[in-house]
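Coordinates from data-v4.txt are shown below (compact mmCIF, C-alpha atoms).
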# COMPACT_ATOMS: atom_id res chain seq x y z
CA MET V 1 81.87 51.44 238.06
CA LEU V 2 84.80 49.50 239.49
CA CYS V 3 88.35 48.98 238.29
CA ILE V 4 88.59 45.59 236.59
CA LYS V 5 92.00 45.03 238.23
CA CYS V 6 91.48 45.98 241.89
CA LYS V 7 87.71 46.67 242.31
CA GLN V 8 88.39 50.20 243.57
CA THR V 9 86.34 53.09 242.14
CA ALA V 10 87.09 53.48 238.44
CA TRP V 11 88.33 56.81 237.08
CA VAL V 12 88.38 55.97 233.38
CA GLU V 13 86.11 53.69 231.38
CA VAL V 14 87.51 52.09 228.22
CA ARG V 15 84.35 50.83 226.54
CA ARG V 16 86.03 49.29 223.50
CA HIS V 17 87.94 46.94 225.78
CA HIS V 18 84.94 46.37 228.13
CA SER V 19 87.17 47.81 230.86
CA ALA V 20 87.38 50.48 233.51
CA PHE V 21 90.42 51.42 235.58
CA CYS V 22 91.24 53.21 238.81
CA ARG V 23 93.87 55.96 238.70
CA SER V 24 96.84 53.67 239.20
CA HIS V 25 95.71 50.88 236.88
CA PHE V 26 94.76 53.38 234.17
CA LEU V 27 98.35 54.65 234.19
CA ASP V 28 99.54 51.03 233.85
CA TYR V 29 97.11 50.49 230.98
CA PHE V 30 98.27 53.69 229.23
CA ASP V 31 101.96 52.82 229.60
CA ASN V 32 101.33 49.27 228.40
CA GLN V 33 99.53 50.46 225.28
CA VAL V 34 102.41 52.81 224.39
CA LEU V 35 105.09 50.23 225.11
CA LYS V 36 103.16 47.57 223.19
CA ALA V 37 103.01 49.87 220.16
CA VAL V 38 106.74 50.63 220.42
CA ARG V 39 107.65 46.95 220.80
CA GLU V 40 105.27 45.31 218.31
CA GLU V 41 105.79 47.92 215.60
CA ARG V 42 109.57 48.00 216.26
CA MET V 43 109.52 51.77 216.56
CA PHE V 44 112.76 52.29 218.52
CA THR V 45 114.86 50.90 221.34
CA GLN V 46 116.49 52.34 224.45
CA ASP V 47 119.67 52.87 222.39
CA ASP V 48 118.01 55.20 219.87
CA ARG V 49 117.95 58.99 220.11
CA ILE V 50 114.34 60.08 219.63
CA LEU V 51 113.06 63.53 218.67
CA VAL V 52 109.52 64.04 219.99
CA ALA V 53 107.45 66.62 218.10
CA ILE V 54 105.96 68.83 220.81
CA SER V 55 102.97 71.14 220.31
CA GLY V 56 102.17 71.93 223.94
CA GLY V 57 98.96 69.89 223.64
CA LYS V 58 97.91 66.84 225.62
CA ASP V 59 99.05 64.20 223.14
CA SER V 60 102.63 65.26 222.52
CA LEU V 61 103.29 66.08 226.18
CA ALA V 62 101.72 62.78 227.32
CA LEU V 63 103.91 60.90 224.84
CA TRP V 64 107.07 62.71 225.95
CA ASP V 65 106.15 62.07 229.60
CA VAL V 66 105.78 58.29 229.05
CA LEU V 67 109.03 58.04 227.07
CA LEU V 68 111.02 60.01 229.66
CA ARG V 69 109.59 57.97 232.55
CA HIS V 70 110.64 54.77 230.80
CA GLY V 71 114.20 55.98 230.27
CA TYR V 72 114.14 56.63 226.54
CA GLN V 73 116.59 59.19 225.10
CA ALA V 74 113.81 61.55 224.07
CA ASP V 75 114.42 65.22 223.26
CA GLY V 76 111.60 67.56 222.26
CA LEU V 77 111.17 69.74 219.18
CA TYR V 78 108.79 72.68 219.38
CA ILE V 79 108.02 74.55 216.16
CA ASP V 80 106.85 78.09 216.87
CA LEU V 81 104.24 78.60 214.15
CA GLY V 82 103.81 82.31 214.91
CA ILE V 83 100.09 82.04 215.72
CA ALA V 84 100.05 85.03 218.09
CA GLU V 85 99.01 84.28 221.70
CA TYR V 86 98.29 80.64 220.91
CA SER V 87 101.92 80.00 219.97
CA ASP V 88 103.22 82.02 222.93
CA HIS V 89 101.00 80.02 225.26
CA SER V 90 101.85 76.59 223.83
CA ARG V 91 105.57 77.39 223.70
CA ALA V 92 105.56 78.48 227.35
CA LYS V 93 103.80 75.23 228.37
CA SER V 94 106.28 73.15 226.36
CA GLU V 95 109.29 74.94 227.85
CA ALA V 96 107.90 74.61 231.38
CA PHE V 97 107.29 70.87 230.85
CA ALA V 98 110.87 70.38 229.62
CA ALA V 99 112.39 72.45 232.43
CA ALA V 100 110.45 70.55 235.11
CA ARG V 101 111.82 67.24 233.81
CA ASP V 102 115.30 68.50 232.94
CA ALA V 103 114.66 67.45 229.35
CA ALA V 104 116.08 69.06 226.19
CA LEU V 105 113.69 71.05 224.01
CA ARG V 106 114.76 72.37 220.64
CA VAL V 107 112.82 75.33 219.28
CA VAL V 108 112.47 76.40 215.65
CA GLU V 109 110.76 79.69 214.82
CA LEU V 110 108.96 79.59 211.48
CA GLU V 111 108.68 83.36 211.20
CA GLN V 112 112.35 83.97 212.02
CA ASP V 113 113.66 81.31 209.64
CA TYR V 114 111.18 81.56 206.77
CA GLY V 115 109.85 85.11 207.01
CA HIS V 116 106.27 84.19 207.90
CA GLY V 117 104.25 82.38 210.49
CA VAL V 118 101.81 79.72 209.34
CA LYS V 119 99.05 82.28 208.66
CA GLY V 120 101.30 84.31 206.37
CA LEU V 121 102.56 81.22 204.57
CA ALA V 122 98.99 80.02 204.02
CA GLN V 123 97.85 83.43 202.73
CA HIS V 124 100.74 83.86 200.30
CA ALA V 125 100.70 80.24 199.14
CA ARG V 126 96.87 80.30 198.93
CA ARG V 127 96.57 77.15 200.96
CA VAL V 128 94.34 76.43 203.93
CA PRO V 129 96.31 77.04 207.15
CA CYS V 130 96.28 73.35 208.20
CA SER V 131 97.86 72.40 204.87
CA ALA V 132 100.67 74.98 205.14
CA CYS V 133 101.16 74.04 208.78
CA GLY V 134 101.31 70.28 208.16
CA LEU V 135 103.68 70.68 205.24
CA SER V 136 106.01 72.98 207.22
CA LYS V 137 106.02 70.69 210.26
CA ARG V 138 106.73 67.51 208.29
CA TYR V 139 109.59 69.27 206.51
CA LEU V 140 111.10 70.68 209.69
CA PHE V 141 110.70 67.48 211.75
CA ASN V 142 112.81 65.61 209.21
CA LYS V 143 115.33 68.41 208.70
CA VAL V 144 115.96 69.06 212.40
CA ALA V 145 116.12 65.34 213.21
CA LEU V 146 118.60 64.69 210.42
CA GLU V 147 120.81 67.62 211.39
CA GLY V 148 120.63 66.68 215.07
CA GLY V 149 121.57 63.03 214.52
CA TYR V 150 118.25 61.58 215.73
CA ARG V 151 117.25 58.15 214.46
CA VAL V 152 113.51 58.58 214.98
CA VAL V 153 110.88 61.32 215.04
CA ALA V 154 107.93 60.49 217.31
CA THR V 155 104.64 62.36 217.01
CA GLY V 156 101.62 62.38 219.34
CA HIS V 157 99.08 61.18 216.76
CA ASN V 158 96.46 59.14 218.60
CA LEU V 159 93.82 56.64 217.50
CA ASP V 160 91.29 59.41 216.78
CA ASP V 161 93.77 61.33 214.62
CA GLU V 162 94.71 58.22 212.70
CA VAL V 163 91.19 56.95 212.12
CA ALA V 164 90.02 60.44 211.05
CA THR V 165 92.87 60.57 208.53
CA LEU V 166 91.94 57.08 207.33
CA LEU V 167 88.29 58.08 206.86
CA GLY V 168 89.35 61.18 204.89
CA ASN V 169 91.65 59.13 202.68
CA LEU V 170 88.96 56.51 202.10
CA LEU V 171 86.31 59.10 201.24
CA HIS V 172 88.59 60.47 198.53
CA TRP V 173 90.24 57.13 197.63
CA GLN V 174 93.67 58.63 198.14
CA MET V 175 95.56 55.51 197.04
CA GLY V 176 99.03 56.91 197.73
CA TYR V 177 98.13 58.14 201.22
CA LEU V 178 96.33 54.88 202.01
CA SER V 179 99.42 52.93 201.03
CA ARG V 180 101.57 54.98 203.36
CA GLN V 181 99.22 55.30 206.37
CA SER V 182 101.00 53.49 209.15
CA PRO V 183 102.16 54.00 212.75
CA VAL V 184 105.69 53.54 211.40
CA LEU V 185 107.20 55.14 208.32
CA GLU V 186 110.63 53.67 207.77
CA ALA V 187 113.57 55.77 206.61
CA THR V 188 113.58 54.61 202.99
CA HIS V 189 116.20 57.17 201.91
CA PRO V 190 119.43 58.36 203.57
CA GLY V 191 117.85 61.82 203.88
CA LEU V 192 114.77 60.55 205.67
CA VAL V 193 114.37 59.92 209.39
CA LYS V 194 112.04 57.16 210.59
CA LYS V 195 108.63 58.52 211.79
CA VAL V 196 106.60 56.77 214.47
CA LYS V 197 103.27 57.30 216.27
CA PRO V 198 103.44 55.48 219.62
CA LEU V 199 99.97 56.70 220.76
CA PHE V 200 98.10 55.17 217.82
CA ARG V 201 96.41 52.58 220.07
CA LEU V 202 95.03 55.22 222.48
CA THR V 203 92.06 57.58 222.06
CA GLU V 204 92.03 61.31 222.68
CA GLN V 205 89.83 60.69 225.71
CA GLU V 206 92.58 58.48 227.10
CA THR V 207 95.42 60.90 226.38
CA VAL V 208 93.55 63.78 228.03
CA SER V 209 92.77 61.52 231.02
CA TYR V 210 96.46 60.63 231.27
CA ALA V 211 97.47 64.31 231.08
CA ILE V 212 95.02 65.30 233.84
CA ILE V 213 96.02 62.41 236.11
CA GLN V 214 99.73 63.13 235.64
CA GLY V 215 99.20 66.83 236.28
CA ILE V 216 100.54 67.79 232.85
CA ASP V 217 99.85 71.47 232.20
CA TYR V 218 98.88 71.34 228.53
CA VAL V 219 97.16 73.82 226.19
CA PRO V 220 93.47 72.84 226.19
CA GLU V 221 92.43 75.41 223.62
CA GLU V 222 91.95 74.40 220.01
CA CYS V 223 94.39 75.92 217.52
CA PRO V 224 92.55 79.01 216.16
CA MET V 225 93.71 78.07 212.65
CA ALA V 226 92.04 74.64 212.92
CA GLN V 227 88.51 75.99 213.27
CA GLY V 228 86.38 74.36 210.64
CA ALA V 229 89.06 71.77 209.86
CA ARG V 230 87.64 68.75 208.10
CA SER V 231 89.41 66.41 210.51
CA LEU V 232 87.11 67.72 213.27
CA VAL V 233 84.04 66.77 211.23
CA TYR V 234 85.44 63.28 210.64
CA LYS V 235 86.13 62.92 214.37
CA GLU V 236 82.58 63.99 215.21
CA VAL V 237 81.14 61.41 212.83
CA LEU V 238 83.44 58.69 214.13
CA ASN V 239 82.60 59.47 217.75
CA LEU V 240 78.91 59.22 216.94
CA LEU V 241 79.60 55.74 215.57
CA GLU V 242 81.68 54.94 218.63
CA LYS V 243 78.87 55.99 220.95
CA HIS V 244 76.52 53.46 219.40
CA SER V 245 79.13 50.83 218.56
CA PRO V 246 82.05 50.85 221.02
CA GLY V 247 85.24 49.75 219.32
CA ALA V 248 84.22 51.06 215.88
CA LYS V 249 87.23 53.42 215.64
CA HIS V 250 89.68 50.82 216.91
CA ASN V 251 88.33 48.15 214.56
CA LEU V 252 88.40 50.44 211.54
CA LEU V 253 92.00 51.53 212.11
CA LEU V 254 93.53 48.31 213.39
CA GLY V 255 91.58 46.31 210.79
CA PHE V 256 92.88 48.58 208.04
CA LEU V 257 96.48 48.28 209.22
CA GLU V 258 96.25 44.50 209.37
CA LYS V 259 94.08 43.69 206.36
CA GLY V 260 93.65 46.79 204.20
CA ARG V 261 97.04 48.43 204.03
CA PRO V 262 98.85 45.44 202.49
CA VAL V 263 96.49 45.70 199.51
CA PHE V 264 97.13 49.43 199.05
CA ARG V 265 100.85 48.97 199.57
CA GLU V 266 101.06 47.31 196.16
CA VAL V 267 100.20 50.62 194.53
CA ASP V 268 102.99 52.45 196.36
CA ASN V 269 105.81 52.57 193.84
CA THR V 270 107.06 56.08 194.56
CA GLU V 271 110.74 56.70 194.00
CA LEU V 272 112.54 59.26 196.11
CA ARG V 273 115.14 61.71 194.90
CA GLU V 274 116.80 64.76 196.41
CA CYS V 275 115.09 68.15 196.12
CA GLU V 276 117.00 70.34 193.68
CA GLN V 277 116.77 73.27 196.09
CA CYS V 278 117.17 71.92 199.63
CA GLY V 279 118.35 68.34 199.16
CA GLN V 280 115.57 66.78 201.24
CA PRO V 281 113.98 63.59 199.83
CA THR V 282 111.02 64.11 197.53
CA THR V 283 109.13 62.41 194.72
CA THR V 284 109.30 65.51 192.51
CA PRO V 285 112.28 67.57 191.26
CA VAL V 286 111.54 70.27 193.87
CA CYS V 287 109.97 69.27 197.20
CA ALA V 288 106.52 70.47 198.26
CA PHE V 289 107.94 72.77 200.94
CA CYS V 290 110.35 74.52 198.55
CA ARG V 291 107.56 74.81 195.99
CA MET V 292 105.37 76.46 198.62
CA MET V 293 108.19 78.82 199.58
CA ASP V 294 108.75 79.69 195.89
CA VAL V 295 105.09 80.68 195.60
CA VAL V 296 105.32 82.68 198.82
CA ARG V 297 108.38 84.60 197.55
CA LEU V 298 106.69 85.23 194.21
CA ARG V 299 103.53 86.57 195.85
CA GLU V 300 105.59 88.72 198.23
CA ARG V 301 106.96 90.56 195.21
CA GLU V 302 103.52 91.15 193.69
CA PRO V 303 102.41 94.75 194.29
CA ARG V 304 99.23 94.89 196.32
CA SER V 305 97.36 98.07 197.10
CA GLY V 306 97.06 99.05 200.72
CA GLN V 307 99.78 96.67 201.88
CA ARG V 308 101.96 97.93 204.66
CA GLY V 309 105.54 97.13 205.71
CA ARG V 310 106.03 93.51 204.76
CA ARG V 311 108.77 91.46 206.33
CA PRO V 312 111.66 90.56 204.04
CA HIS V 313 111.96 86.86 203.46
CA ALA V 314 114.87 85.23 205.20
CA ALA V 315 117.21 83.87 202.51
CA ALA V 316 117.79 80.43 203.92
CA PRO V 317 117.26 78.69 207.20
CA SER V 318 120.41 78.35 209.21
CA SER V 319 121.34 75.52 211.49
CA GLU V 320 121.69 78.12 214.27
CA ALA V 321 117.93 78.49 214.06
CA VAL V 322 117.64 75.30 216.05
CA MET V 323 118.44 76.21 219.57
CA THR V 324 118.35 74.24 222.74
CA THR V 325 116.33 75.96 225.39
CA ALA V 326 116.64 73.39 228.12
CA ASP V 327 119.57 71.16 228.78
CA GLY V 328 119.03 67.45 229.09
CA MET H 1 75.05 71.08 241.12
CA LYS H 2 77.28 73.21 238.92
CA VAL H 3 78.69 72.04 235.63
CA HIS H 4 81.52 74.02 234.07
CA ILE H 5 82.75 73.90 230.52
CA ARG H 6 85.87 76.05 230.32
CA TYR H 7 86.95 75.43 226.71
CA PRO H 8 86.42 76.46 223.99
CA LYS H 9 83.93 78.95 225.49
CA PRO H 10 83.45 79.28 229.25
CA GLN H 11 79.95 78.19 230.26
CA THR H 12 78.35 77.14 233.55
CA TYR H 13 75.13 75.14 233.91
CA GLU H 14 73.18 74.50 237.08
CA PHE H 15 71.11 71.39 237.74
CA THR H 16 68.84 70.57 240.63
CA GLY H 17 68.45 67.17 242.26
CA ARG H 18 70.58 64.07 241.87
CA LYS H 19 71.72 63.07 238.40
CA THR H 20 74.23 60.70 236.95
CA VAL H 21 77.06 62.01 234.76
CA GLN H 22 75.37 60.27 231.82
CA GLN H 23 72.10 62.15 232.48
CA VAL H 24 73.93 65.49 232.65
CA LEU H 25 75.67 64.76 229.33
CA ASP H 26 72.37 63.66 227.76
CA GLU H 27 70.66 66.87 228.89
CA LEU H 28 73.50 68.95 227.45
CA ARG H 29 73.47 66.80 224.28
CA ILE H 30 77.16 66.00 224.62
CA ASN H 31 78.53 62.76 223.20
CA PRO H 32 80.27 61.03 226.15
CA GLU H 33 82.95 59.76 223.75
CA THR H 34 84.22 63.31 223.25
CA VAL H 35 84.75 64.47 226.84
CA ILE H 36 86.14 63.60 230.25
CA ILE H 37 84.57 64.58 233.55
CA ILE H 38 86.73 66.18 236.24
CA LYS H 39 85.68 66.60 239.88
CA GLY H 40 88.40 68.21 241.99
CA ASP H 41 91.47 66.11 241.32
CA THR H 42 89.58 62.98 240.27
CA LEU H 43 88.01 61.74 237.05
CA LEU H 44 84.45 60.39 236.99
CA THR H 45 82.90 57.63 234.92
CA ARG H 46 79.46 58.21 233.43
CA ASP H 47 77.60 56.05 235.97
CA VAL H 48 78.57 58.25 238.95
CA THR H 49 75.65 59.98 240.66
CA LEU H 50 76.14 63.67 241.34
CA SER H 51 74.56 65.35 244.35
CA GLU H 52 73.09 68.81 244.79
CA GLY H 53 76.28 70.54 245.97
CA ASP H 54 78.68 68.89 243.51
CA GLU H 55 80.76 70.86 241.03
CA ILE H 56 82.25 69.23 237.96
CA GLU H 57 84.07 70.25 234.80
CA ILE H 58 83.34 68.77 231.38
CA ARG H 59 86.58 68.88 229.39
CA TYR H 60 86.50 68.29 225.64
CA ALA H 61 89.11 65.82 224.46
CA ILE H 62 88.90 66.43 220.74
CA SER H 63 91.46 68.49 218.90
CA GLY H 64 91.84 69.01 215.18
CA GLY H 65 94.13 70.43 212.58

What would the structure in this file look like if it were written as structure tokens?
Amino acid sequence: MLCIKCKQTAWVEVRRHHSAFCRSHFLDYFDNQVLKAVREERMFTQDDRILVAISGGKDSLALWDVLLRHGYQADGLYIDLGIAEYSDHSRAKSEAFAAARDAALRVVELEQDYGHGVKGLAQHARRVPCSACGLSKRYLFNKVALEGGYRVVATGHNLDDEVATLLGNLLHWQMGYLSRQSPVLEATHPGLVKKVKPLFRLTEQETVSYAIIQGIDYVPEECPMAQGARSLVYKEVLNLLEKHSPGAKHNLLLGFLEKGRPVFREVDNTELRECEQCGQPTTTPVCAFCRMMDVVRLREREPRSGQRGRRPHAAAPSSEAVMTTADG
Amino acid sequence: MKVHIRYPKPQTYEFTGRKTVQQVLDELRINPETVIIIKGDTLLTRDVTLSEGDEIEIRYAISGG
């Protein structure tokens, strides 16, 4: 297979675009797709301070790499979820990436600030780990960005993530989620920071190819908490479709964003207010994160036989919890 | 040729004779949409023919959560 640009040996095939690229032209393609998303969706400009949510995986590090190479003011935020060796490993990769590029990485430790890692939160709140994790991350992304004066939070969600979420929302006709699914979520309240997903036009295959070509040392292991996650089943189904019908994932997502979302948007009449406990924007009197923490505190106090030395819950997160581990 | 899968569980497969990447993936029942193929410091497309002494890694691209 030859590169469609220069006729050299292709390294990466992009079937949905009837294309294949050599090393150099694949990097051009990847950059162009990110920059196109940023420009067409009006995500941010060179003047904006951007907080990139970093997990240590291929997507977030690839995104940060592209933004830094193109001169964006992009700092990283790593949330240490307290998932034993997995968190240690992913944190070390994230810190090494930042140090090698002289970029600033903020680190928040869930266990230090909230008394539990994601496993403990999930157990006490009786949620599945991915639910407790997602809720905690969304809360902290906004909180840290707001406190740090960032205009935008950028996450590494790619086309596969987005189309899997779309399939899940369609299967359950989640009207509210469908109305809000977008590569850009505007700051519709003074307490909200704009959220963007600059990789939404690129597949996981493409982000891992980019990471390998760029020599990015990412965590290839799956999060141990994500085993059996429904999103993985949706991705498997969608990739089976993609195998037999190249472009199926792209068409479903991009078609939805262009033609489907405007219809669902009409049902989105949520009004935001400030959480009575933490002040962050929410649709209910107390936000979902504070409600989860209330349940966790309640369950911590319940006597349970055979339980040993439990950690006391930290009273409230402090702004000192956000520390800069690498100077920009 | 040797085919390594390092994640999530390290496995090595050996094949004899010449095969394309696509044929290797078909024999291992792996959907080509879910992986990339690494040989040394290069990436391979599925039409590339592998020879007897070649060594490649199949790296899964899919992550969840």

Task: Å distance separating atom CA of V:Leu240 from atom CA of V:Gln205, one decimal place - done: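 Atom-to-atom, atom CA of V:Leu240 and atom CA of V:Gln205 are spaced 14.1 Å apart.
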
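For the set H:Tyr13, H:Arg6, H:Lys19, H:Leu44, the residue with the smallest atom-to-atom gap to chain V is H:Leu44, counting all atoms listed in the file.
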
Task: Selection near V:Ala37, 8 Å with all atoms listed in the file, sequence-local residues under 3 positions removed, as a ChimeraX atom specification - done: /V:33-34,40-43,198-201

TODO: Could you give me, as a ChimeraX atom specification, the residues within 10 Å of stretch 28-31 of chain H, counting all atoms listed in the file and dropping anything in the same chain fewer than 2 positions from it?
DONE: /V:236,239-240,242-243 /H:13,22-26,33-35,58,60

Return the neighbours of chain H among the residues of chain V, cut-off 8 Å, counting only C-alpha atoms, as an mmCIF file with C-alpha atoms, keeping the file's coordinate frame.
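Produced file result_8.cif, reproduced below:
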data_model
loop_
_atom_site.group_PDB
_atom_site.id
_atom_site.type_symbol
_atom_site.label_atom_id
_atom_site.label_comp_id
_atom_site.auth_asym_id
_atom_site.auth_seq_id
_atom_site.Cartn_x
_atom_site.Cartn_y
_atom_site.Cartn_z
ATOM 1 C CA MET V 1 81.870 51.440 238.060
ATOM 2 C CA ALA V 10 87.090 53.480 238.440
ATOM 3 C CA TRP V 11 88.330 56.810 237.080
ATOM 4 C CA VAL V 12 88.380 55.970 233.380
ATOM 5 C CA GLU V 13 86.110 53.690 231.380
ATOM 6 C CA CYS V 130 96.280 73.350 208.200
ATOM 7 C CA ASP V 161 93.770 61.330 214.620
ATOM 8 C CA GLU V 204 92.030 61.310 222.680
ATOM 9 C CA GLN V 205 89.830 60.690 225.710
ATOM 10 C CA VAL V 208 93.550 63.780 228.030
ATOM 11 C CA SER V 209 92.770 61.520 231.020
ATOM 12 C CA ILE V 213 96.020 62.410 236.110
ATOM 13 C CA PRO V 220 93.470 72.840 226.190
ATOM 14 C CA GLU V 221 92.430 75.410 223.620
ATOM 15 C CA GLU V 222 91.950 74.400 220.010
ATOM 16 C CA CYS V 223 94.390 75.920 217.520
ATOM 17 C CA MET V 225 93.710 78.070 212.650
ATOM 18 C CA ALA V 226 92.040 74.640 212.920
ATOM 19 C CA GLN V 227 88.510 75.990 213.270
ATOM 20 C CA ALA V 229 89.060 71.770 209.860
ATOM 21 C CA SER V 231 89.410 66.410 210.510
ATOM 22 C CA LEU V 232 87.110 67.720 213.270
ATOM 23 C CA LYS V 235 86.130 62.920 214.370
ATOM 24 C CA ASN V 239 82.600 59.470 217.750
ATOM 25 C CA LEU V 240 78.910 59.220 216.940
ATOM 26 C CA GLU V 242 81.680 54.940 218.630
ATOM 27 C CA LYS V 243 78.870 55.990 220.950
#

Task: Residues near stretch 49-53 of chain H, cut-off 9 Å, all atoms listed in the file, skip fewer than 3 positions along chain, as a PyMOL selection string - done: chain H and resi 1-2+15-22+46+56

Take the selection from the previous step and output its residues with C-alpha atoms, as a PDB file, in the frame of the given file.
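Contents of again-v6.pdb, freshly written:
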ATOM      1  CA  MET H   1      75.050  71.080 241.120  1.00  0.00           C
ATOM      2  CA  LYS H   2      77.280  73.210 238.920  1.00  0.00           C
ATOM      3  CA  PHE H  15      71.110  71.390 237.740  1.00  0.00           C
ATOM      4  CA  THR H  16      68.840  70.570 240.630  1.00  0.00           C
ATOM      5  CA  GLY H  17      68.450  67.170 242.260  1.00  0.00           C
ATOM      6  CA  ARG H  18      70.580  64.070 241.870  1.00  0.00           C
ATOM      7  CA  LYS H  19      71.720  63.070 238.400  1.00  0.00           C
ATOM      8  CA  THR H  20      74.230  60.700 236.950  1.00  0.00           C
ATOM      9  CA  VAL H  21      77.060  62.010 234.760  1.00  0.00           C
ATOM     10  CA  GLN H  22      75.370  60.270 231.820  1.00  0.00           C
ATOM     11  CA  ARG H  46      79.460  58.210 233.430  1.00  0.00           C
ATOM     12  CA  ILE H  56      82.250  69.230 237.960  1.00  0.00           C
TER      13      ILE H  56
END

Open item on the list: Please list, as a VMD selection string, the residues that have an atom at most 10 Å away from (116.8, 64.8, 197.5) in the coordinates of this file, counting all atoms listed in the file.
Closed with: chain V and resid 189 to 192 272 to 287

Open item on the list: Between V:Gly82, V:Leu238, V:Cys290, V:Asn158, which residue has the minimum interatomic distance to V:Leu202, considering all atoms listed in the file?
Closed with: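 Ranked by minimum distance to V:Leu202, first place goes to V:Asn158.
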
- [ ] Write out as number ranges by chain the residues lying within 12 Å of V:His89, counting only C-alpha atoms and excluding same-chain residues fewer than 3 positions away.
- [x] V: 55-57, 80-86, 92-96, 217-223

Selected residues written out with C-alpha atoms, as a compact mmCIF listing (two decimals), in the frame of the given file:
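To be explicit, this is the file written out as out.txt:
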# COMPACT_ATOMS: atom_id res chain seq x y z
CA SER V 55 102.97 71.14 220.31
CA GLY V 56 102.17 71.93 223.94
CA GLY V 57 98.96 69.89 223.64
CA ASP V 80 106.85 78.09 216.87
CA LEU V 81 104.24 78.60 214.15
CA GLY V 82 103.81 82.31 214.91
CA ILE V 83 100.09 82.04 215.72
CA ALA V 84 100.05 85.03 218.09
CA GLU V 85 99.01 84.28 221.70
CA TYR V 86 98.29 80.64 220.91
CA ALA V 92 105.56 78.48 227.35
CA LYS V 93 103.80 75.23 228.37
CA SER V 94 106.28 73.15 226.36
CA GLU V 95 109.29 74.94 227.85
CA ALA V 96 107.90 74.61 231.38
CA ASP V 217 99.85 71.47 232.20
CA TYR V 218 98.88 71.34 228.53
CA VAL V 219 97.16 73.82 226.19
CA PRO V 220 93.47 72.84 226.19
CA GLU V 221 92.43 75.41 223.62
CA GLU V 222 91.95 74.40 220.01
CA CYS V 223 94.39 75.92 217.52

- [ ] Could you check how far atom CA of V:Glu109 sits from atom CA of V:Ala122, in Å to one decimal?
- [x] 16.0 Å

Find the smallest box with edges along x, y and z containing every listed atom of stretch 238-255 of chain V, then add 6 Å on each side and report centre and edge lengths in Å to one decimal, as JSON.
{"center_x": 85.0, "center_y": 52.9, "center_z": 215.9, "size_x": 29.0, "size_y": 25.2, "size_z": 22.2}

Task: Given all atoms listed in the file as the counted atoms, nearest of V:Gln214, V:Gln174, V:Gln123, V:Ser136 to V:Val108 - done: V:Ser136

Since the input has fewer atoms than a full residue there, write stretch 246-255 of chain V out with N, CA, C and O atoms, as a PDB file, keeping the file's coordinate frame.
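Generated file (result-v6.pdb):
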ATOM      1  N   PRO V 246      80.712  50.713 220.425  1.00  0.00           N
ATOM      2  CA  PRO V 246      82.050  50.850 221.020  1.00  0.00           C
ATOM      3  C   PRO V 246      83.071  49.948 220.340  1.00  0.00           C
ATOM      4  O   PRO V 246      82.791  48.771 220.088  1.00  0.00           O
ATOM      5  N   GLY V 247      84.202  50.526 220.000  1.00  0.00           N
ATOM      6  CA  GLY V 247      85.240  49.750 219.320  1.00  0.00           C
ATOM      7  C   GLY V 247      85.262  50.004 217.817  1.00  0.00           C
ATOM      8  O   GLY V 247      86.141  49.511 217.108  1.00  0.00           O
ATOM      9  N   ALA V 248      84.297  50.805 217.328  1.00  0.00           N
ATOM     10  CA  ALA V 248      84.220  51.060 215.880  1.00  0.00           C
ATOM     11  C   ALA V 248      85.507  51.712 215.371  1.00  0.00           C
ATOM     12  O   ALA V 248      86.055  51.318 214.328  1.00  0.00           O
ATOM     13  N   LYS V 249      86.014  52.698 216.088  1.00  0.00           N
ATOM     14  CA  LYS V 249      87.230  53.420 215.640  1.00  0.00           C
ATOM     15  C   LYS V 249      88.433  52.486 215.663  1.00  0.00           C
ATOM     16  O   LYS V 249      89.209  52.429 214.713  1.00  0.00           O
ATOM     17  N   HIS V 250      88.561  51.769 216.750  1.00  0.00           N
ATOM     18  CA  HIS V 250      89.680  50.820 216.910  1.00  0.00           C
ATOM     19  C   HIS V 250      89.631  49.766 215.797  1.00  0.00           C
ATOM     20  O   HIS V 250      90.647  49.481 215.154  1.00  0.00           O
ATOM     21  N   ASN V 251      88.448  49.212 215.565  1.00  0.00           N
ATOM     22  CA  ASN V 251      88.330  48.150 214.560  1.00  0.00           C
ATOM     23  C   ASN V 251      88.619  48.664 213.155  1.00  0.00           C
ATOM     24  O   ASN V 251      89.252  47.965 212.353  1.00  0.00           O
ATOM     25  N   LEU V 252      88.153  49.883 212.872  1.00  0.00           N
ATOM     26  CA  LEU V 252      88.400  50.440 211.540  1.00  0.00           C
ATOM     27  C   LEU V 252      89.900  50.634 211.316  1.00  0.00           C
ATOM     28  O   LEU V 252      90.450  50.222 210.293  1.00  0.00           O
ATOM     29  N   LEU V 253      90.575  51.243 212.285  1.00  0.00           N
ATOM     30  CA  LEU V 253      92.000  51.530 212.110  1.00  0.00           C
ATOM     31  C   LEU V 253      92.853  50.262 212.161  1.00  0.00           C
ATOM     32  O   LEU V 253      93.640  50.000 211.253  1.00  0.00           O
ATOM     33  N   LEU V 254      92.688  49.498 213.240  1.00  0.00           N
ATOM     34  CA  LEU V 254      93.530  48.310 213.390  1.00  0.00           C
ATOM     35  C   LEU V 254      93.237  47.284 212.289  1.00  0.00           C
ATOM     36  O   LEU V 254      94.140  46.597 211.812  1.00  0.00           O
ATOM     37  N   GLY V 255      91.961  47.211 211.888  1.00  0.00           N
ATOM     38  CA  GLY V 255      91.580  46.310 210.790  1.00  0.00           C
ATOM     39  C   GLY V 255      92.237  46.745 209.492  1.00  0.00           C
ATOM     40  O   GLY V 255      92.733  45.931 208.716  1.00  0.00           O
TER      41      GLY V 255
END
